[in-house]
2 protein chains.
Amino acid sequence: MNESERYIGVFDSGIGGLTVMKSILDKLPQENIIYFGDTAHVPYGTRSRAQITDYVIADVNFLRTFALKALVIACNTADSIARTAVEAMLPVPVFGVVEPASRRAAAVTRNGKIGVIATNATVGSGAYEAAVTAVNPELQVLSKACPLLVPLVENGRFHRGDPVIATVLQEYLTPLREAGIDTLVLGCTHYPLLQDLIAELMPGITIISSSEAAADALADGLAAQGLSAAQGGRRAYYVSDNAAGFEAAARTFMGGDLGGAVTLIKPED
Amino acid sequence: MNESERYIGVFDSGIGGLTVMKSILDKLPQENIIYFGDTAHVPYGTRSRAQITDYVIADVNFLRTFALKALVIACNTADSIARTAVEAMLPVPVFGVVEPASRRAAAVTRNGKIGVIATNATVGSGAYEAAVTAVNPELQVLSKACPLLVPLVENGRFHRGDPVIATVLQEYLTPLREAGIDTLVLGCTHYPLLQDLIAELMPGITIISSSEAAADALADGLAAQGLSAAQGGRRAYYVSDNAAGFEAAARTFMGGDLGGAVTLIKPED
């Protein structure tokens, strides 16, 4: 197997990472990709640092049984907490979501006030603050943990006219709007499904999807390292629980077909 | 150790079972109890039958390292899905939540229409329908899966005046009220925290807490088998992740002190 035809491994706590997968497939349709969703342990965003790290190590241990050329941490919580652990496990380049979204936010803000919405674990880690101020220490990051958004999205509550998601978004976003941010990072891969609703509540504020930023950074990184595939397009999905439920939810998150089979595996067995 | 002084093992997917624990402590303060909350794998209610069964078996394998005289499945999802598996693992009596709540509902209904609110997995299992019609095949059970209630309660959204919980409860409960139920089973151990709000939306309808019914059935069952403790009152709590978070949430769920230490353990290690 030619080096460039090896797989890109993509992993997430469950289905959220499929918004990253969708952005990757839009941009890099010729790449061969293995996706792993740890649906037996979802959600990560409410767990301890130690537990998240343990689960992430198991995820990577599974993915590295394939011939990988790159790995994508398609989960803000995992990237925030366990990035260093992942990099130590693999000889291939590791791409994430936090750094690309932070770099993009730092590039577009004019007033230097960047809002980040994310899970409890991501906000608690301070990863976005670190990544943004690494680009420019003058920038200010205002983070808001939004623990109800993942369960609401996973229960299909992301449609215009749903009073529950409208009320919850208003509550989470109002303090950021009032604080005068001009840029808002969607720091969880579930949130792109709420992007239109969020944009309506944040007029004049630039919305940055960590999923899109991650796909762009992956494309640039592969090209820079001569790892871009010229042909391929094979995709396979693995989950640690409930393959049928994943497949149904995946159509929503991907906005279409997965383009590959879904297989149930138990990485820890 | 005298037989009656052995421990009652109580387990749950996380913190919800603490409402059962509270009811047990109110009724049986002299019992020695070990509680295990599988916080590394919470929530169970959205997972597959096979995965729930695997987690429950690990929970019981941990608890049976103690000298048990009885086991309480303090989680409607676990009881609905894995009761038979648990009974096969242990030589001691196993108590649950579904059967006590079903018997109580069957005893109090006058019009024969019983509503049950619960997790997706509990509703999908048909366990309440089976338990109620085992008492009286004429009774009708109307079940409603309420997947947003667990995340809302776990995020503290159970107070009067919170528009989010009010809207969600109205949505879930209206079809049951309109269908003419006269009895409603709270078929998830998180729901007692919502009992007052639910009662306001269901005037004239008898609310049955599976947590209270379970504690009563445990007390009766221990007495009938000569297993009631005369003295003791030792309590210990084990969790599989985030002991500090558990302790904070526990005060809310128990309405006071735990009366014992919380220890982090990894049953699967």
# chains A, B, ... in the order shown; residues from 1 in each chain; ligands from 1
>>> residues_around(residues="B:Val141", least_positions_apart="2", cutoff="10 Å", atoms="only C-alpha atoms", output="PyMOL selection string")
chain B and resi 102+106+112-116+126+128-130+132-133+138-139+143-144+181+183-185
>>> write_last_selection(atoms="N, CA and C atoms", output="short mmCIF file (atom, residue, chain, number, x, y, z; two decimals), in the first residue's frame")
data_model
loop_
_atom_site.label_atom_id
_atom_site.label_comp_id
_atom_site.auth_asym_id
_atom_site.auth_seq_id
_atom_site.Cartn_x
_atom_site.Cartn_y
_atom_site.Cartn_z
N SER B 102 -45.02 -1.30 39.60
CA SER B 102 -46.13 -1.84 38.81
C SER B 102 -47.23 -2.39 39.71
N ALA B 106 -50.99 -0.96 39.88
CA ALA B 106 -52.13 -1.86 39.62
C ALA B 106 -53.11 -1.83 40.79
N GLY B 112 -58.15 1.78 35.38
CA GLY B 112 -57.38 0.77 34.65
C GLY B 112 -56.41 1.33 33.63
N LYS B 113 -56.24 2.66 33.62
CA LYS B 113 -55.29 3.26 32.67
C LYS B 113 -54.11 3.84 33.42
N ILE B 114 -52.94 3.19 33.25
CA ILE B 114 -51.72 3.56 33.97
C ILE B 114 -50.72 4.16 32.98
N GLY B 115 -50.22 5.33 33.30
CA GLY B 115 -49.16 5.92 32.49
C GLY B 115 -47.80 5.59 33.09
N VAL B 116 -46.80 5.43 32.23
CA VAL B 116 -45.43 5.21 32.70
C VAL B 116 -44.53 6.16 31.92
N GLY B 126 -40.54 -2.90 27.29
CA GLY B 126 -41.88 -3.40 27.62
C GLY B 126 -41.98 -3.98 29.02
N TYR B 128 -42.54 -2.62 32.01
CA TYR B 128 -43.69 -2.15 32.81
C TYR B 128 -44.99 -2.78 32.33
N GLU B 129 -45.18 -2.86 31.02
CA GLU B 129 -46.38 -3.50 30.49
C GLU B 129 -46.47 -4.94 31.00
N ALA B 130 -45.33 -5.64 30.95
CA ALA B 130 -45.32 -7.04 31.39
C ALA B 130 -45.63 -7.15 32.88
N VAL B 132 -47.19 -4.99 34.91
CA VAL B 132 -48.56 -4.55 35.26
C VAL B 132 -49.57 -5.61 34.83
N THR B 133 -49.43 -6.12 33.62
CA THR B 133 -50.43 -7.09 33.16
C THR B 133 -50.24 -8.45 33.81
N GLU B 138 -56.19 -7.07 32.53
CA GLU B 138 -57.17 -6.09 32.03
C GLU B 138 -56.59 -4.67 32.02
N LEU B 139 -55.53 -4.45 32.74
CA LEU B 139 -55.00 -3.08 32.89
C LEU B 139 -54.30 -2.64 31.60
N SER B 143 -47.09 4.07 27.82
CA SER B 143 -45.71 4.46 28.14
C SER B 143 -45.26 5.62 27.29
N LYS B 144 -44.43 6.47 27.89
CA LYS B 144 -43.89 7.61 27.16
C LYS B 144 -42.40 7.73 27.50
N ILE B 181 -55.28 8.69 31.70
CA ILE B 181 -54.69 7.88 32.79
C ILE B 181 -55.12 8.46 34.14
N THR B 183 -53.30 7.18 36.92
CA THR B 183 -52.14 6.81 37.72
C THR B 183 -50.91 6.97 36.83
N LEU B 184 -49.85 7.57 37.39
CA LEU B 184 -48.63 7.77 36.60
C LEU B 184 -47.44 7.24 37.38
N VAL B 185 -46.70 6.32 36.77
CA VAL B 185 -45.49 5.78 37.39
C VAL B 185 -44.28 6.59 36.93
#
>>> interface_residues(of="chain A", to="chain B", cutoff="6 Å", atoms="only C-alpha atoms", output="list in words")
His41, Ser48, Val164 and Asn242 of chain A
>>> closest_residue(among="B:Leu227, B:Ile207, B:Ala107, B:Met89", to="B:Asn61", atoms="only C-alpha atoms")
B:Met89
>>> select_by_dssp(residues="stretch 75-267 of chain B", states="strand (DSSP E or B)", output="VMD selection string")
chain B and resid 94 to 95 113 to 118 140 to 145 183 to 186 206 to 209 235 to 239 262 to 264
>>> residues_around(residues="A:Ser80", least_positions_apart="6", cutoff="7 Å", atoms="only C-alpha atoms", output="list in words")
Val98, Thr122, Ser125 and Ala127 of chain A
>>> select_by_dssp(residues="stretch 144-233 of chain B", states="alpha helix (DSSP H)", output="MDAnalysis selection string")
chainID B and resid 149:154 163:178 195:201 210:224
>>> residues_around(residues="B:Phe253", least_positions_apart="2", cutoff="9 Å", atoms="only C-alpha atoms", output="VMD selection string")
chain B and resid 15 to 19 22 190 192 to 193 249 to 251 255 to 256
>>> residues_around(residues="A:Ala215", least_positions_apart="2", cutoff="10 Å", atoms="only C-alpha atoms", output="MDAnalysis selection string")
chainID A and resid 19:28 72 74 95:97 100 210:213 217:221
>>> write_last_selection(atoms="N, CA and C atoms", output="compact mmCIF listing (two decimals), in the first residue's frame")
# COMPACT_ATOMS: atom_id res chain seq x y z
N THR A 19 -19.89 15.48 12.05
CA THR A 19 -19.88 16.79 11.38
C THR A 19 -18.47 17.11 10.88
N VAL A 20 -17.46 16.63 11.58
CA VAL A 20 -16.08 16.75 11.10
C VAL A 20 -15.91 15.85 9.87
N MET A 21 -16.41 14.62 9.99
CA MET A 21 -16.33 13.66 8.88
C MET A 21 -16.97 14.24 7.62
N LYS A 22 -18.13 14.85 7.79
CA LYS A 22 -18.82 15.44 6.63
C LYS A 22 -17.93 16.52 5.99
N SER A 23 -17.34 17.38 6.81
CA SER A 23 -16.48 18.43 6.26
C SER A 23 -15.25 17.83 5.57
N ILE A 24 -14.72 16.74 6.14
CA ILE A 24 -13.56 16.08 5.51
C ILE A 24 -13.97 15.47 4.16
N LEU A 25 -15.11 14.81 4.13
CA LEU A 25 -15.54 14.16 2.88
C LEU A 25 -15.83 15.20 1.80
N ASP A 26 -16.40 16.33 2.20
CA ASP A 26 -16.65 17.41 1.22
C ASP A 26 -15.34 17.89 0.60
N LYS A 27 -14.31 17.97 1.43
CA LYS A 27 -13.05 18.57 1.02
C LYS A 27 -12.08 17.56 0.43
N LEU A 28 -12.13 16.35 0.93
CA LEU A 28 -11.14 15.33 0.57
C LEU A 28 -11.83 14.01 0.20
N VAL A 72 -7.26 11.96 13.23
CA VAL A 72 -8.02 13.17 13.53
C VAL A 72 -8.81 12.95 14.82
N ALA A 74 -11.70 14.05 16.43
CA ALA A 74 -12.87 14.81 15.96
C ALA A 74 -13.84 15.08 17.09
N PHE A 95 -4.16 15.40 14.03
CA PHE A 95 -4.90 16.64 13.80
C PHE A 95 -6.06 16.71 14.79
N GLY A 96 -6.40 17.94 15.18
CA GLY A 96 -7.48 18.09 16.14
C GLY A 96 -8.50 19.10 15.68
N VAL A 97 -9.31 19.56 16.60
CA VAL A 97 -10.35 20.54 16.32
C VAL A 97 -10.08 21.87 17.03
N PRO A 100 -7.19 24.31 15.15
CA PRO A 100 -7.66 24.96 13.92
C PRO A 100 -8.75 26.00 14.18
N SER A 210 -15.83 24.43 14.57
CA SER A 210 -14.58 23.68 14.77
C SER A 210 -14.50 22.50 13.81
N SER A 211 -15.65 22.01 13.35
CA SER A 211 -15.65 20.87 12.42
C SER A 211 -15.08 21.29 11.07
N GLU A 212 -15.52 22.43 10.55
CA GLU A 212 -15.00 22.91 9.26
C GLU A 212 -13.54 23.30 9.36
N ALA A 213 -13.20 23.99 10.45
CA ALA A 213 -11.80 24.41 10.63
C ALA A 213 -10.89 23.19 10.69
N ALA A 217 -7.77 22.30 8.17
CA ALA A 217 -6.41 22.10 8.70
C ALA A 217 -5.86 20.73 8.30
N LEU A 218 -6.73 19.73 8.27
CA LEU A 218 -6.31 18.40 7.85
C LEU A 218 -5.86 18.42 6.39
N ALA A 219 -6.66 19.05 5.54
CA ALA A 219 -6.31 19.11 4.12
C ALA A 219 -4.97 19.81 3.92
N ASP A 220 -4.80 20.93 4.59
CA ASP A 220 -3.55 21.67 4.47
C ASP A 220 -2.37 20.86 5.00
N GLY A 221 -2.58 20.19 6.13
CA GLY A 221 -1.51 19.43 6.76
C GLY A 221 -1.08 18.24 5.91
>>> residues_around(residues="A:Ala82", least_positions_apart="5", cutoff="9 Å", atoms="only C-alpha atoms", output="mmCIF file with C-alpha atoms, in the first residue's frame")
data_model
loop_
_atom_site.group_PDB
_atom_site.id
_atom_site.type_symbol
_atom_site.label_atom_id
_atom_site.label_comp_id
_atom_site.auth_asym_id
_atom_site.auth_seq_id
_atom_site.Cartn_x
_atom_site.Cartn_y
_atom_site.Cartn_z
ATOM 1 C CA ARG A 49 -10.045 14.045 32.826
ATOM 2 C CA ILE A 52 -11.720 10.729 29.201
ATOM 3 C CA THR A 53 -8.018 9.971 28.740
ATOM 4 C CA ASP A 54 -8.592 6.243 29.357
ATOM 5 C CA VAL A 56 -9.339 8.092 24.233
ATOM 6 C CA ILE A 57 -6.361 5.730 24.610
ATOM 7 C CA THR A 77 -13.511 17.208 24.648
ATOM 8 C CA GLU A 87 0.456 12.223 20.095
#
>>> closest_residue(among="A:Pro29, A:Gly156, A:Gly14, A:Gly37", to="A:Thr252", atoms="only C-alpha atoms")
A:Gly156
>>> residues_around(residues="A:Thr263", least_positions_apart="6", cutoff="8 Å", atoms="only C-alpha atoms", output="list in words")
Tyr237, Tyr238, Val239 and Ala243 of chain A
>>> decode(residues="stretch 111-247 of chain B", atoms="C-alpha atoms", output="PDB file, in the first residue's frame")
ATOM      1  CA  ASN B 111     -60.037   3.293  35.659  1.00  0.00           C
ATOM      2  CA  GLY B 112     -57.382   0.773  34.654  1.00  0.00           C
ATOM      3  CA  LYS B 113     -55.294   3.262  32.668  1.00  0.00           C
ATOM      4  CA  ILE B 114     -51.724   3.564  33.969  1.00  0.00           C
ATOM      5  CA  GLY B 115     -49.160   5.917  32.493  1.00  0.00           C
ATOM      6  CA  VAL B 116     -45.428   5.210  32.697  1.00  0.00           C
ATOM      7  CA  ILE B 117     -42.681   7.734  31.968  1.00  0.00           C
ATOM      8  CA  ALA B 118     -39.156   6.351  31.610  1.00  0.00           C
ATOM      9  CA  THR B 119     -35.973   6.226  29.504  1.00  0.00           C
ATOM     10  CA  ASN B 120     -35.913   5.027  25.905  1.00  0.00           C
ATOM     11  CA  ALA B 121     -34.447   1.677  26.953  1.00  0.00           C
ATOM     12  CA  THR B 122     -37.021   1.066  29.693  1.00  0.00           C
ATOM     13  CA  VAL B 123     -39.933   1.928  27.429  1.00  0.00           C
ATOM     14  CA  GLY B 124     -38.460  -0.143  24.610  1.00  0.00           C
ATOM     15  CA  SER B 125     -38.150  -3.180  26.870  1.00  0.00           C
ATOM     16  CA  GLY B 126     -41.880  -3.402  27.617  1.00  0.00           C
ATOM     17  CA  ALA B 127     -40.989  -4.318  31.222  1.00  0.00           C
ATOM     18  CA  TYR B 128     -43.687  -2.153  32.808  1.00  0.00           C
ATOM     19  CA  GLU B 129     -46.377  -3.497  30.489  1.00  0.00           C
ATOM     20  CA  ALA B 130     -45.323  -7.045  31.391  1.00  0.00           C
ATOM     21  CA  ALA B 131     -45.215  -6.380  35.136  1.00  0.00           C
ATOM     22  CA  VAL B 132     -48.555  -4.554  35.262  1.00  0.00           C
ATOM     23  CA  THR B 133     -50.429  -7.085  33.157  1.00  0.00           C
ATOM     24  CA  ALA B 134     -48.904  -9.899  35.208  1.00  0.00           C
ATOM     25  CA  VAL B 135     -50.901  -8.456  38.128  1.00  0.00           C
ATOM     26  CA  ASN B 136     -54.045  -7.879  36.095  1.00  0.00           C
ATOM     27  CA  PRO B 137     -54.242  -8.515  32.350  1.00  0.00           C
ATOM     28  CA  GLU B 138     -57.171  -6.087  32.035  1.00  0.00           C
ATOM     29  CA  LEU B 139     -55.003  -3.084  32.886  1.00  0.00           C
ATOM     30  CA  GLN B 140     -53.785  -0.778  30.165  1.00  0.00           C
ATOM     31  CA  VAL B 141     -50.283   0.754  30.229  1.00  0.00           C
ATOM     32  CA  LEU B 142     -49.462   3.903  28.245  1.00  0.00           C
ATOM     33  CA  SER B 143     -45.712   4.457  28.138  1.00  0.00           C
ATOM     34  CA  LYS B 144     -43.890   7.610  27.155  1.00  0.00           C
ATOM     35  CA  ALA B 145     -40.131   7.773  26.677  1.00  0.00           C
ATOM     36  CA  CYS B 146     -38.810  11.039  28.122  1.00  0.00           C
ATOM     37  CA  PRO B 147     -35.151  11.151  27.032  1.00  0.00           C
ATOM     38  CA  LEU B 148     -34.564  14.789  27.992  1.00  0.00           C
ATOM     39  CA  LEU B 149     -35.528  14.436  31.640  1.00  0.00           C
ATOM     40  CA  VAL B 150     -32.318  12.742  32.817  1.00  0.00           C
ATOM     41  CA  PRO B 151     -29.978  15.371  31.315  1.00  0.00           C
ATOM     42  CA  LEU B 152     -32.235  18.169  32.552  1.00  0.00           C
ATOM     43  CA  VAL B 153     -32.305  16.819  36.112  1.00  0.00           C
ATOM     44  CA  GLU B 154     -28.549  16.133  36.056  1.00  0.00           C
ATOM     45  CA  ASN B 155     -28.029  19.770  35.053  1.00  0.00           C
ATOM     46  CA  GLY B 156     -30.121  21.011  37.957  1.00  0.00           C
ATOM     47  CA  ARG B 157     -33.117  21.965  35.818  1.00  0.00           C
ATOM     48  CA  PHE B 158     -35.819  20.701  38.169  1.00  0.00           C
ATOM     49  CA  HIS B 159     -36.897  23.939  39.872  1.00  0.00           C
ATOM     50  CA  ARG B 160     -40.271  25.620  39.646  1.00  0.00           C
ATOM     51  CA  GLY B 161     -40.101  28.586  37.297  1.00  0.00           C
ATOM     52  CA  ASP B 162     -37.498  27.041  34.959  1.00  0.00           C
ATOM     53  CA  PRO B 163     -39.094  27.482  31.526  1.00  0.00           C
ATOM     54  CA  VAL B 164     -37.093  24.636  29.982  1.00  0.00           C
ATOM     55  CA  ILE B 165     -38.244  21.869  32.303  1.00  0.00           C
ATOM     56  CA  ALA B 166     -41.785  23.301  32.279  1.00  0.00           C
ATOM     57  CA  THR B 167     -41.963  23.158  28.474  1.00  0.00           C
ATOM     58  CA  VAL B 168     -40.464  19.679  28.254  1.00  0.00           C
ATOM     59  CA  LEU B 169     -42.733  18.228  30.958  1.00  0.00           C
ATOM     60  CA  GLN B 170     -45.796  19.762  29.328  1.00  0.00           C
ATOM     61  CA  GLU B 171     -44.830  18.147  26.037  1.00  0.00           C
ATOM     62  CA  TYR B 172     -44.193  14.693  27.523  1.00  0.00           C
ATOM     63  CA  LEU B 173     -47.162  14.621  29.896  1.00  0.00           C
ATOM     64  CA  THR B 174     -49.966  16.142  27.837  1.00  0.00           C
ATOM     65  CA  PRO B 175     -50.597  13.017  25.721  1.00  0.00           C
ATOM     66  CA  LEU B 176     -50.812  10.867  28.858  1.00  0.00           C
ATOM     67  CA  ARG B 177     -53.186  13.281  30.566  1.00  0.00           C
ATOM     68  CA  GLU B 178     -55.341  13.508  27.460  1.00  0.00           C
ATOM     69  CA  ALA B 179     -55.424   9.728  27.172  1.00  0.00           C
ATOM     70  CA  GLY B 180     -57.189   9.647  30.532  1.00  0.00           C
ATOM     71  CA  ILE B 181     -54.693   7.880  32.788  1.00  0.00           C
ATOM     72  CA  ASP B 182     -55.530   8.077  36.505  1.00  0.00           C
ATOM     73  CA  THR B 183     -52.136   6.806  37.720  1.00  0.00           C
ATOM     74  CA  LEU B 184     -48.631   7.773  36.600  1.00  0.00           C
ATOM     75  CA  VAL B 185     -45.492   5.780  37.392  1.00  0.00           C
ATOM     76  CA  LEU B 186     -42.218   7.708  37.590  1.00  0.00           C
ATOM     77  CA  GLY B 187     -40.295   4.880  35.905  1.00  0.00           C
ATOM     78  CA  CYS B 188     -36.830   6.385  36.260  1.00  0.00           C
ATOM     79  CA  THR B 189     -35.066   7.125  39.515  1.00  0.00           C
ATOM     80  CA  HIS B 190     -34.216  10.671  38.418  1.00  0.00           C
ATOM     81  CA  TYR B 191     -37.856  11.648  38.218  1.00  0.00           C
ATOM     82  CA  PRO B 192     -38.666  11.985  41.944  1.00  0.00           C
ATOM     83  CA  LEU B 193     -36.819  15.323  41.758  1.00  0.00           C
ATOM     84  CA  LEU B 194     -39.541  16.414  39.338  1.00  0.00           C
ATOM     85  CA  GLN B 195     -42.418  14.975  41.340  1.00  0.00           C
ATOM     86  CA  ASP B 196     -43.924  18.308  42.468  1.00  0.00           C
ATOM     87  CA  LEU B 197     -43.749  19.805  38.979  1.00  0.00           C
ATOM     88  CA  ILE B 198     -45.262  16.649  37.484  1.00  0.00           C
ATOM     89  CA  ALA B 199     -48.066  16.589  40.063  1.00  0.00           C
ATOM     90  CA  GLU B 200     -49.013  20.174  39.141  1.00  0.00           C
ATOM     91  CA  LEU B 201     -49.373  19.189  35.502  1.00  0.00           C
ATOM     92  CA  MET B 202     -51.357  16.039  36.346  1.00  0.00           C
ATOM     93  CA  PRO B 203     -54.160  17.142  38.698  1.00  0.00           C
ATOM     94  CA  GLY B 204     -56.224  14.297  40.114  1.00  0.00           C
ATOM     95  CA  ILE B 205     -53.704  11.702  38.912  1.00  0.00           C
ATOM     96  CA  THR B 206     -51.941   9.482  41.448  1.00  0.00           C
ATOM     97  CA  ILE B 207     -48.153   9.706  41.096  1.00  0.00           C
ATOM     98  CA  ILE B 208     -46.151   6.607  41.981  1.00  0.00           C
ATOM     99  CA  SER B 209     -42.441   6.895  42.610  1.00  0.00           C
ATOM    100  CA  SER B 210     -40.589   3.734  41.643  1.00  0.00           C
ATOM    101  CA  SER B 211     -37.940   4.738  44.200  1.00  0.00           C
ATOM    102  CA  GLU B 212     -40.372   4.751  47.123  1.00  0.00           C
ATOM    103  CA  ALA B 213     -42.129   1.606  45.942  1.00  0.00           C
ATOM    104  CA  ALA B 214     -38.760  -0.161  45.681  1.00  0.00           C
ATOM    105  CA  ALA B 215     -37.770   0.755  49.245  1.00  0.00           C
ATOM    106  CA  ASP B 216     -41.103  -0.475  50.595  1.00  0.00           C
ATOM    107  CA  ALA B 217     -40.787  -3.754  48.709  1.00  0.00           C
ATOM    108  CA  LEU B 218     -37.243  -4.206  49.995  1.00  0.00           C
ATOM    109  CA  ALA B 219     -38.347  -3.659  53.597  1.00  0.00           C
ATOM    110  CA  ASP B 220     -41.220  -6.109  53.227  1.00  0.00           C
ATOM    111  CA  GLY B 221     -39.051  -8.683  51.467  1.00  0.00           C
ATOM    112  CA  LEU B 222     -36.253  -8.571  54.040  1.00  0.00           C
ATOM    113  CA  ALA B 223     -38.773  -8.897  56.878  1.00  0.00           C
ATOM    114  CA  ALA B 224     -40.540 -11.821  55.199  1.00  0.00           C
ATOM    115  CA  GLN B 225     -37.233 -13.674  54.801  1.00  0.00           C
ATOM    116  CA  GLY B 226     -35.963 -12.912  58.309  1.00  0.00           C
ATOM    117  CA  LEU B 227     -33.127 -10.799  56.915  1.00  0.00           C
ATOM    118  CA  SER B 228     -33.905  -7.430  58.535  1.00  0.00           C
ATOM    119  CA  ALA B 229     -30.978  -5.995  60.483  1.00  0.00           C
ATOM    120  CA  ALA B 230     -31.517  -5.002  64.104  1.00  0.00           C
ATOM    121  CA  GLN B 231     -28.481  -2.759  64.169  1.00  0.00           C
ATOM    122  CA  GLY B 232     -25.793  -1.386  61.863  1.00  0.00           C
ATOM    123  CA  GLY B 233     -26.309   1.655  59.689  1.00  0.00           C
ATOM    124  CA  ARG B 234     -22.928   1.494  57.908  1.00  0.00           C
ATOM    125  CA  ARG B 235     -22.938   3.037  54.435  1.00  0.00           C
ATOM    126  CA  ALA B 236     -20.287   3.157  51.754  1.00  0.00           C
ATOM    127  CA  TYR B 237     -20.466   4.519  48.229  1.00  0.00           C
ATOM    128  CA  TYR B 238     -18.392   3.482  45.229  1.00  0.00           C
ATOM    129  CA  VAL B 239     -18.369   5.092  41.798  1.00  0.00           C
ATOM    130  CA  SER B 240     -16.520   4.300  38.576  1.00  0.00           C
ATOM    131  CA  ASP B 241     -15.715   7.940  37.730  1.00  0.00           C
ATOM    132  CA  ASN B 242     -15.707  11.436  39.186  1.00  0.00           C
ATOM    133  CA  ALA B 243     -16.152  10.827  42.918  1.00  0.00           C
ATOM    134  CA  ALA B 244     -16.142  14.552  43.697  1.00  0.00           C
ATOM    135  CA  GLY B 245     -18.907  15.283  41.197  1.00  0.00           C
ATOM    136  CA  PHE B 246     -20.907  12.381  42.580  1.00  0.00           C
ATOM    137  CA  GLU B 247     -20.629  13.662  46.121  1.00  0.00           C
TER     138      GLU B 247
END
